[in-house]
Amino acid sequence: MATARAGNRMQSSRGVGHTLTPSLGGRDGSVAGPPSPQGPGKGCPHPRWRRDWHTLPCAKISRRLPISRDKLGCRGYGKPGAVLPAPAAGEDPGSRPAASEPGSRGSRWFFGCSSAPPGLPPAPRALRWCSSSSSCRSSCDTQPSRSHVLAVFDSCRAMEGPSATKEFCPPDTSESQLSLRNVVQITVVKAQDLKSIKSDTSITLVRVEYNGVILGDSSKADVSPNGMANYNFTTSFEYSTDGPNSWVDIAQKPALLTVIEVLQKEKKQKEEKTMPLGQAVLDLLPLLQGQCSFTVLAPLYAASTSPSESLHPEAKCALEVSVCTKKPLLSSSQLSDGNFLSVTLEAAYSVPEAFVPTGPSQNYMACLQIPALGKKEVPLLFMNGILKLDGEKEPLPRPKKWSLANIMAPGALNIPNSFILGGPYEDEDGELNKTKDREFRIQAESMKRIVWDKERRCYLDPAAVLILKNRIAECQYWPVEVCRMPVTSSSKGKTSKADKGDEDRQIFFHGVAYVNMMPLLCPGVKRIRGAFRVFPYQDSEVLEKTKRQQSVLRDLRPQMGLIKEGSGTPGTNSSLSRAVPSKAQREDKEKMSREQEFNRRQYVEAGTFLVMEIKLDKALVPKRLQEELTRRVKEMIPPRPPLPPRTGGAKKAVEDYHNHVASIAVAILSEYHELFGKQLPDQGATDHQTLEEQRRQLNFELNSSGKYFAFKEQLKYAVVKIVREKYLKTTAFETQEQFQAFLSELYVYLVDQMHIALNQLLYEEAASPAPRIRMTDEQLWLFAREAEVNKDYKLASLYHQQRIAQDQHNIQYWLDYGAFCLLLEDTFKAQECFREALSLDPHHVRSLLLCGIVAVMLQHYEEAEIFFEDACCLEPSNVIAWTLSGLFCELQNNNIQAEMAFREAKKKLQVQQARERSISGQGKKQISATSVGSSSLGPEQPLPEGVPDGSAKELPEAGEELTLASVAQEEEAPASEAATEEPSPVSGHSKPPCTIFMKAVEFLTEVNAIQFVRMALAHELLSQQGGPSSAYYLALARTCLLKEEFSKCEECLCEAIRIDFLNPDVWAQKGHLCYLRRDLQEAKECYERTVSFVEDAADMHFVYLRLGSIYLEDKEYGKAKQIYLQACKSSASCLTWLGVGIACYRLGEMVEAEDALSEANALNNSNAEVWAYLALVCLQVSAQQAPRPSLKNTACIPGGGRQLEAEQCYKYASKLGLDDSALLQELHAAQQRLGFGDPSL
């Protein structure tokens, strides 16, 4: 029966304002007993009232009168109270606790008032149990007389004394007094669609129960034809912070609403029969979330005792319930600083073989303890686990269940809108989440297991939240204890205290799982879920790992009433047996200890593990919002708005000067026409004397009219602008000589510009300037990379600066220049470049990552944390961002957060790989469908009859279905198998599975962040189960080659070749190593092998360049020409055309050599070697007496010969600093032989 806690005052809405003495009235409020409200001679409306009146409780209870509901049976009696069962046979009535004492169970209290039922005196202050036997009770089944009732009251009043009547007067229960109490009011408004449960239902009532206490029953309500019943029943209960119905209870215990059908009485039936119809569960958690009132439509589930009529699929059987409180249960500070914690215990898998369904019933339990209200520990106990045998896996998703016992509607156990979703094993936070554990997990989930699927919730006040954080920081492992106990009843014999103490300490199959709670201290983490291995419970081990000295199950065992197996044998109560145990007792005790130790070991042998989830409503450590991170980034790197266009400048000043000169020239010409008229072309030329006379007259007219002075003033401002903007002269000159020199220079410049302006005015078409070759972005990037590889860092820097000069708002240009600065280990300059890129776009993830990398190199760790965190927030699907964030956290010794970042990166990578496989699968299906169609039908053959024209368009849809099916199958396969790609049928090269660390290595290698590359490679080495891959050794070799660690690089390349012999990148890298070590023959073999592969290496451009140079040194000019031409075809540059030109020159193909060298000179006119070979070509052409047009974009020199061109080319080669001594010596020899080409000759 239900339990009434101390001080838990409960009353129904109909109890307020009515008599609160022992409830003897019927449903209509009438008094049961003589005189009867039904008229003289009428008896009690309920025939069992007579028995209840004789069995009033006998415990001394102050101001309260309980009536046994199991005897009462009538729903109308005692609505305000609860139930106190009658004492069992042989029970000492005085042993029962008083109503005011805590721990009293199953009691219903009735509060007295100043009025009493008609014909009855006020109730006495205390009543004692009548010591009548069962026979006495049975003799009282007849209707009691009025005198008999009054005699009972008089005897009780006599025992209490003359003041009993006065003391019994209850406190005021007016509405104002009730409003001051902490009361939760529940109103059941109506029921809907009751006919869907039982079609012939006519009369029902609803019962409200909370925390094991029946709050009351409603009056009977008729069910309308559409299945609606109006109850409008209100009841309430009090709550307190630390007593019964506390916040902990409200958080995890729902109210139970039972709809009861009232059956029609049959003939000769003394009382009405009732039958449970359905149950609904009312979750009161919104009251703890700040709501003072809410209304829900609680689904009503059919009771298992109801007829076997099945619910209609569209039935909406539900109860409309309203809940309200006078004031919020939690204050604003408690709501904002507190938290809600929920623990879901799903199942225990791979349980010991000793767990069998046969034999006595067993209770499978688990328990953990958490702080809830300050320092008060609250145990969360999960009982009644269900042992399931081998079979199918548990379905996903599946609903979570309430921890309710003895519920009549199994469907009501499901928590609304709360499901167990599961997920990939690799995403879990616990143990057994590695790829190697996947097969074991899949097999264990379909074998014998114990299923709970229950959720326990708890409110944590601010003090408890702080304690929880501190305890997790002190000890990251929390114990979750598990056990199996028999559910057998105890024997009637008494047990000795010694045996009882042993019994309390003995728990069968006592195990413990250690849950790592440290992830909850990571910013933004609110949930951990995973599998946790179960180990034997040993006090020393638990103390070492969790710093807890007591077992929660041992402390709770007396309260749970668990009975030890085999306790049916009564124990001895003699002092001798306690002091001196017999030998048999000692042997039994030792045997039992050995059995328990054996039972505990079975967890390890079976590999038992628990799957559970711990979730918080708010993270213990809040995560910074994206807005805050963006603001912090902007504070560190303010975005630089583009500068407003300048209205001035040197170019504008010169243009203004030209305009003024043109306007003055037009004005002077107009003045000339006014004086002398327009001279027509057919009038002939004017003689010199006439022109001089006209000039004198024009000067006189301009001076006399003041127009000359106006023209001079008009030019004055234009000249001042030129002086300031072009010559930057704003201060006085120090000496007169400097002033005169500047005036001379300025005068010459102004006269030249005047001539330019006059020419533009007088001639309609000006001579077009020579076309300027503008390099594209791709060309400049290629030239910069060539310079970097050739270690010509000055030229590489020049190319990067040219790219930025072409477009200063291009983020990628700044990032490439910053990566080049990292190669030179110029960290500060790299930081400027990356920050400049970030200032252009504060949301650019790549810029944020590079700023974070540079901040780590400069040991600015706070800034680096902001950069990495902002990158992860802006692009949550970025695998590289999560991986670099994990590497940074590991650098800060924050291993928990690092592991979480790596797990998130793996999750995002799996999603990307699944998407890529889906896309590639669609492409393969389309290709296969096309190939089948082309093989069966010719290109011009019509489709067969009966096949619609649009059938070809439907093929991709079928392919999509197959792709989705294949993706679903791949998700069941191990991650390593899913990530591995099949080898190419042509090259045979198999790509290794891509991991998050190799993706990070690829990115970090591009930006020359060697420090992070080594960290990522270290993780990659540890993550590979079958040993390092070829990609790992290749990446490590590239790093060593960059640092010029040639011996270590050679070792890595040998291992890479041993693992993957057909990888072109490995052979290319080995060729680079041999080329730098000047082992040209070995390099030549490696490069030739690389070129022979069908699949190109990643850096084929440099393979072509270096292999061509080796051919030139070996004087294999034909091969060199072909290799360089392949390089020109893929990515032309100055060096590739130079190689072609050299090869053609050595082969004697002067025309092709000149064309190739001209192309090289057009791409880079500052290459001294190009000018030198052009000089040689000119010398050779001139020696052959084969005059031809000069070089491209140059004028043809009359008279034949190339002497002047050869001399000019030689001058440029010398000016640019030709450092190839052999080539210079060859050039001098040709000049000496031909006698020209060198000005010194």
# chains A, B, ... in the order shown; residues from 1 in each chain; ligands from 1
call {"tool": "residues_around", "arguments": {"residues": "Leu300 (chain A)", "least_positions_apart": "5", "cutoff": "7 Å", "atoms": "only C-alpha atoms", "output": "list in words"}}
result
Gly278, Gln279, Ala280, Cys317, Ala318 and Leu319 of chain A
call {"tool": "residues_around", "arguments": {"residues": "Ala1132 (chain A)", "least_positions_apart": "6", "cutoff": "12 Å", "atoms": "only C-alpha atoms", "output": "list of chain:residue names"}}
result
A:Glu778, A:Gln779, A:Leu780, A:Leu782, A:Phe783, A:Glu786, A:His1101, A:Phe1102, A:Tyr1104, A:Leu1105, A:Tyr1124, A:Leu1125, A:Gln1126, A:Leu1138, A:Gly1139, A:Val1140, A:Ala1156, A:Glu1159, A:Ala1160, A:Ala1162, A:Leu1163, A:Asn1164
call {"tool": "residues_around", "arguments": {"residues": "Gly338 (chain A)", "least_positions_apart": "3", "cutoff": "12 Å", "atoms": "only C-alpha atoms", "output": "PyMOL selection string"}}
result
chain A and resi 247+288-290+330-335+341+372-374+458-468+616-620
call {"tool": "write_last_selection", "arguments": {"atoms": "N, CA, C and O atoms", "output": "short mmCIF file (atom, residue, chain, number, x, y, z; two decimals), in the first residue's frame"}}
result
data_model
loop_
_atom_site.label_atom_id
_atom_site.label_comp_id
_atom_site.auth_asym_id
_atom_site.auth_seq_id
_atom_site.Cartn_x
_atom_site.Cartn_y
_atom_site.Cartn_z
N TRP A 247 12.70 18.41 -4.03
CA TRP A 247 13.02 18.67 -5.43
C TRP A 247 13.53 17.41 -6.13
O TRP A 247 13.29 17.20 -7.31
N LEU A 288 10.11 22.50 -11.98
CA LEU A 288 11.48 22.81 -11.60
C LEU A 288 12.21 23.60 -12.68
O LEU A 288 13.35 24.00 -12.46
N GLN A 289 11.57 23.79 -13.80
CA GLN A 289 12.18 24.55 -14.89
C GLN A 289 11.65 25.98 -14.97
O GLN A 289 11.84 26.64 -15.97
N GLY A 290 11.01 26.43 -13.91
CA GLY A 290 10.59 27.82 -13.82
C GLY A 290 9.13 28.07 -14.10
O GLY A 290 8.67 29.21 -13.99
N LEU A 330 11.53 27.02 -7.64
CA LEU A 330 12.93 27.44 -7.55
C LEU A 330 13.00 28.93 -7.79
O LEU A 330 12.28 29.49 -8.62
N SER A 331 13.88 29.58 -7.07
CA SER A 331 14.12 31.00 -7.28
C SER A 331 14.91 31.20 -8.57
O SER A 331 15.41 30.25 -9.17
N SER A 332 15.02 32.44 -8.97
CA SER A 332 15.75 32.72 -10.22
C SER A 332 17.21 32.34 -10.11
O SER A 332 17.81 31.82 -11.06
N SER A 333 17.81 32.57 -8.94
CA SER A 333 19.22 32.19 -8.77
C SER A 333 19.39 30.68 -8.75
O SER A 333 20.34 30.14 -9.31
N GLN A 334 18.46 29.98 -8.08
CA GLN A 334 18.54 28.52 -8.08
C GLN A 334 18.33 27.95 -9.47
O GLN A 334 18.93 26.94 -9.84
N LEU A 335 17.48 28.60 -10.25
CA LEU A 335 17.23 28.11 -11.60
C LEU A 335 18.39 28.38 -12.53
O LEU A 335 18.74 27.55 -13.38
N LEU A 341 20.48 16.82 -13.76
CA LEU A 341 21.30 15.69 -14.18
C LEU A 341 20.39 14.49 -14.38
O LEU A 341 19.52 14.21 -13.54
N ALA A 372 23.18 16.19 -4.61
CA ALA A 372 21.97 16.82 -5.15
C ALA A 372 21.65 18.12 -4.45
O ALA A 372 21.51 19.16 -5.09
N LEU A 373 21.52 18.09 -3.15
CA LEU A 373 21.18 19.28 -2.36
C LEU A 373 22.35 19.60 -1.45
O LEU A 373 22.46 19.08 -0.34
N GLY A 374 23.23 20.42 -1.94
CA GLY A 374 24.42 20.76 -1.16
C GLY A 374 25.31 19.55 -1.01
O GLY A 374 25.66 18.87 -1.97
N CYS A 458 17.63 14.20 -11.51
CA CYS A 458 17.89 14.82 -10.22
C CYS A 458 18.19 16.30 -10.44
O CYS A 458 18.87 16.66 -11.40
N TYR A 459 17.66 17.12 -9.53
CA TYR A 459 17.98 18.55 -9.56
C TYR A 459 19.20 18.80 -8.68
O TYR A 459 19.27 18.32 -7.54
N LEU A 460 20.15 19.54 -9.20
CA LEU A 460 21.36 19.90 -8.47
C LEU A 460 21.29 21.39 -8.15
O LEU A 460 21.22 22.22 -9.06
N ASP A 461 21.26 21.71 -6.86
CA ASP A 461 21.25 23.12 -6.50
C ASP A 461 22.65 23.71 -6.72
O ASP A 461 23.60 22.99 -7.01
N PRO A 462 22.81 25.03 -6.66
CA PRO A 462 24.13 25.63 -6.95
C PRO A 462 25.26 25.05 -6.13
O PRO A 462 26.36 24.86 -6.64
N ALA A 463 25.00 24.77 -4.84
CA ALA A 463 26.07 24.18 -4.01
C ALA A 463 26.44 22.79 -4.51
O ALA A 463 27.62 22.42 -4.55
N ALA A 464 25.44 22.01 -4.91
CA ALA A 464 25.72 20.66 -5.41
C ALA A 464 26.46 20.72 -6.75
O ALA A 464 27.32 19.86 -7.02
N VAL A 465 26.16 21.70 -7.58
CA VAL A 465 26.90 21.84 -8.85
C VAL A 465 28.37 22.10 -8.59
O VAL A 465 29.25 21.52 -9.23
N LEU A 466 28.64 22.97 -7.63
CA LEU A 466 30.04 23.26 -7.29
C LEU A 466 30.73 22.03 -6.72
O LEU A 466 31.89 21.74 -7.06
N ILE A 467 30.04 21.30 -5.88
CA ILE A 467 30.63 20.08 -5.30
C ILE A 467 30.88 19.05 -6.39
O ILE A 467 31.91 18.36 -6.41
N LEU A 468 29.94 18.93 -7.33
CA LEU A 468 30.12 17.98 -8.43
C LEU A 468 31.36 18.33 -9.26
O LEU A 468 32.16 17.44 -9.61
N LEU A 616 23.57 16.37 -18.64
CA LEU A 616 23.29 17.58 -17.88
C LEU A 616 22.45 18.52 -18.73
O LEU A 616 22.56 18.53 -19.97
N ASP A 617 21.61 19.31 -18.05
CA ASP A 617 20.83 20.30 -18.78
C ASP A 617 21.70 21.45 -19.25
O ASP A 617 21.49 22.00 -20.33
N LYS A 618 22.70 21.82 -18.45
CA LYS A 618 23.65 22.88 -18.80
C LYS A 618 25.05 22.35 -18.56
O LYS A 618 25.28 21.60 -17.61
N ALA A 619 25.96 22.77 -19.39
CA ALA A 619 27.35 22.32 -19.23
C ALA A 619 27.94 22.87 -17.94
O ALA A 619 27.67 24.02 -17.54
N LEU A 620 28.73 22.04 -17.26
CA LEU A 620 29.39 22.50 -16.03
C LEU A 620 30.37 23.63 -16.32
O LEU A 620 30.53 24.56 -15.53
#
call {"tool": "residues_around", "arguments": {"residues": "region 872-887 of chain A", "least_positions_apart": "4", "cutoff": "7 Å", "atoms": "only C-alpha atoms", "output": "list in words"}}
result
Gln626, His843, Leu849, Phe868, Leu891, Ala898, Glu899, Ala901, Phe902, Glu904, Ala905, Lys908, Leu909, Ile996, Phe997, Lys999 and Ala1000 of chain A
call {"tool": "write_last_selection", "arguments": {"atoms": "N, CA, C and O atoms", "output": "CSV table (one decimal), in the first residue's frame"}}
result
chain,number,residue,atom,x,y,z
A,626,GLN,N,29.9,31.9,-30.1
A,626,GLN,CA,30.6,32.3,-31.4
A,626,GLN,C,30.7,33.8,-31.5
A,626,GLN,O,31.7,34.3,-32.0
A,843,HIS,N,35.9,35.6,-40.6
A,843,HIS,CA,35.3,34.3,-40.5
A,843,HIS,C,36.0,33.3,-41.4
A,843,HIS,O,35.4,32.2,-41.7
A,849,LEU,N,43.0,29.2,-38.4
A,849,LEU,CA,43.9,28.1,-38.0
A,849,LEU,C,45.4,28.5,-38.1
A,849,LEU,O,46.2,28.2,-37.2
A,868,PHE,N,41.6,28.7,-32.4
A,868,PHE,CA,41.2,27.4,-32.7
A,868,PHE,C,39.7,27.2,-32.3
A,868,PHE,O,38.9,26.5,-33.1
A,891,LEU,N,48.9,19.8,-26.3
A,891,LEU,CA,50.1,20.6,-26.0
A,891,LEU,C,49.9,21.3,-24.6
A,891,LEU,O,50.9,21.6,-23.9
A,898,ALA,N,41.4,17.2,-25.5
A,898,ALA,CA,42.0,16.8,-26.8
A,898,ALA,C,41.4,15.5,-27.3
A,898,ALA,O,41.1,15.4,-28.5
A,899,GLU,N,41.1,14.6,-26.5
A,899,GLU,CA,40.4,13.3,-26.9
A,899,GLU,C,39.0,13.6,-27.5
A,899,GLU,O,38.6,13.0,-28.5
A,901,ALA,N,38.1,16.4,-28.9
A,901,ALA,CA,38.3,17.1,-30.2
A,901,ALA,C,38.6,16.0,-31.3
A,901,ALA,O,38.1,16.1,-32.4
A,902,PHE,N,39.5,15.1,-31.0
A,902,PHE,CA,39.9,14.1,-31.9
A,902,PHE,C,38.6,13.2,-32.3
A,902,PHE,O,38.4,12.8,-33.5
A,904,GLU,N,35.5,14.2,-32.3
A,904,GLU,CA,34.7,15.0,-33.1
A,904,GLU,C,35.2,15.0,-34.5
A,904,GLU,O,34.4,14.9,-35.5
A,905,ALA,N,36.5,15.1,-34.7
A,905,ALA,CA,37.1,15.1,-36.0
A,905,ALA,C,36.9,13.8,-36.7
A,905,ALA,O,36.6,13.8,-37.9
A,908,LYS,N,33.3,13.7,-38.0
A,908,LYS,CA,33.1,14.5,-39.2
A,908,LYS,C,33.8,13.8,-40.5
A,908,LYS,O,33.3,13.9,-41.6
A,909,LEU,N,34.9,13.2,-40.2
A,909,LEU,CA,35.6,12.5,-41.4
A,909,LEU,C,34.8,11.4,-41.9
A,909,LEU,O,34.7,11.1,-43.1
A,996,ILE,N,42.3,11.4,-39.6
A,996,ILE,CA,42.2,12.8,-39.3
A,996,ILE,C,43.6,13.4,-39.2
A,996,ILE,O,43.9,14.5,-39.5
A,997,PHE,N,44.6,12.6,-38.7
A,997,PHE,CA,45.9,13.1,-38.5
A,997,PHE,C,46.6,13.2,-39.9
A,997,PHE,O,47.4,14.2,-40.0
A,999,LYS,N,45.1,13.9,-42.6
A,999,LYS,CA,44.6,15.1,-43.2
A,999,LYS,C,45.2,16.4,-42.7
A,999,LYS,O,45.5,17.4,-43.4
A,1000,ALA,N,45.4,16.4,-41.4
A,1000,ALA,CA,46.1,17.5,-40.7
A,1000,ALA,C,47.5,17.6,-41.2
A,1000,ALA,O,48.1,18.7,-41.4
call {"tool": "atom_distance", "arguments": {"atom1": "CA of Val1013 (chain A)", "atom2": "CA of Asn893 (chain A)"}}
result
18.0 Å
call {"tool": "atom_distance", "arguments": {"atom1": "CA of Cys367 (chain A)", "atom2": "CA of Asp555 (chain A)"}}
result
11.1 Å
call {"tool": "select_by_dssp", "arguments": {"residues": "region 753-893 of chain A", "states": "alpha helix (DSSP H)", "output": "JSON, numbers by chain"}}
result
{"A": [753, 754, 755, 756, 757, 758, 759, 760, 761, 762, 777, 778, 779, 780, 781, 782, 783, 784, 785, 786, 787, 788, 789, 793, 794, 795, 796, 797, 798, 799, 800, 801, 802, 803, 804, 805, 806, 811, 812, 813, 814, 815, 816, 817, 818, 819, 820, 821, 822, 823, 827, 828, 829, 830, 831, 832, 833, 834, 835, 836, 837, 838, 839, 840, 845, 846, 847, 848, 849, 850, 851, 852, 853, 854, 855, 856, 857, 861, 862, 863, 864, 865, 866, 867, 868, 869, 870, 871, 872, 873, 874, 879, 880, 881, 882, 883, 884, 885, 886, 887, 888, 889, 890, 891]}
call {"tool": "atom_distance", "arguments": {"atom1": "CA of Leu822 (chain A)", "atom2": "CA of Asp1099 (chain A)"}}
result
20.4 Å
call {"tool": "closest_residue", "arguments": {"among": "A:Ile811, A:Ala864, A:Val542, A:Cys1074", "to": "Glu1050 (chain A)", "atoms": "only C-alpha atoms"}}
result
A:Cys1074
call {"tool": "residues_around", "arguments": {"residues": "Phe676 (chain A)", "least_positions_apart": "2", "cutoff": "10 Å", "atoms": "only C-alpha atoms", "output": "PyMOL selection string"}}
result
chain A and resi 671-674+678-679+694+697-698
call {"tool": "residues_around", "arguments": {"residues": "Asn699 (chain A)", "least_positions_apart": "4", "cutoff": "12 Å", "atoms": "only C-alpha atoms", "output": "PyMOL selection string"}}
result
chain A and resi 668+671-672+675+692-695+703-709
call {"tool": "write_last_selection", "arguments": {"atoms": "N, CA, C and O atoms", "output": "compact mmCIF listing (two decimals), in the first residue's frame"}}
result
# COMPACT_ATOMS: atom_id res chain seq x y z
N ILE A 668 44.83 79.63 -76.74
CA ILE A 668 45.80 80.41 -77.55
C ILE A 668 45.48 80.25 -79.03
O ILE A 668 45.57 81.22 -79.82
N GLU A 671 42.68 82.47 -79.88
CA GLU A 671 43.13 83.86 -79.95
C GLU A 671 43.87 84.11 -81.26
O GLU A 671 43.71 85.19 -81.90
N TYR A 672 44.64 83.18 -81.71
CA TYR A 672 45.37 83.31 -82.97
C TYR A 672 44.39 83.40 -84.14
O TYR A 672 44.58 84.20 -85.07
N LEU A 675 42.89 86.79 -84.37
CA LEU A 675 43.78 87.84 -84.87
C LEU A 675 44.09 87.67 -86.36
O LEU A 675 44.06 88.63 -87.14
N GLU A 692 57.10 85.09 -87.47
CA GLU A 692 57.68 85.84 -86.36
C GLU A 692 56.83 87.08 -86.06
O GLU A 692 56.64 87.44 -84.90
N GLU A 693 56.35 87.75 -87.09
CA GLU A 693 55.53 88.94 -86.87
C GLU A 693 54.23 88.56 -86.18
O GLU A 693 53.76 89.26 -85.24
N GLN A 694 53.62 87.45 -86.59
CA GLN A 694 52.38 87.02 -85.95
C GLN A 694 52.62 86.63 -84.47
O GLN A 694 51.78 86.89 -83.60
N ARG A 695 53.78 86.05 -84.21
CA ARG A 695 54.08 85.65 -82.82
C ARG A 695 54.20 86.87 -81.92
O ARG A 695 53.72 86.89 -80.80
N ASN A 703 49.67 89.68 -73.43
CA ASN A 703 50.17 90.43 -72.29
C ASN A 703 49.29 91.65 -71.98
O ASN A 703 49.02 91.97 -70.82
N SER A 704 48.88 92.35 -73.07
CA SER A 704 48.10 93.56 -72.84
C SER A 704 46.70 93.25 -72.32
O SER A 704 46.12 94.01 -71.54
N SER A 705 46.16 92.13 -72.71
CA SER A 705 44.81 91.77 -72.24
C SER A 705 44.81 91.04 -70.90
O SER A 705 43.76 90.80 -70.32
N GLY A 706 45.97 90.65 -70.41
CA GLY A 706 46.03 89.92 -69.13
C GLY A 706 45.79 88.44 -69.23
O GLY A 706 45.80 87.72 -68.22
N LYS A 707 45.59 87.97 -70.47
CA LYS A 707 45.35 86.53 -70.64
C LYS A 707 46.60 85.71 -70.34
O LYS A 707 46.52 84.60 -69.84
N TYR A 708 47.79 86.26 -70.65
CA TYR A 708 49.03 85.52 -70.36
C TYR A 708 49.15 85.27 -68.86
O TYR A 708 49.54 84.17 -68.43
N PHE A 709 48.86 86.28 -68.06
CA PHE A 709 48.94 86.13 -66.60
C PHE A 709 47.91 85.10 -66.11
O PHE A 709 48.19 84.30 -65.21
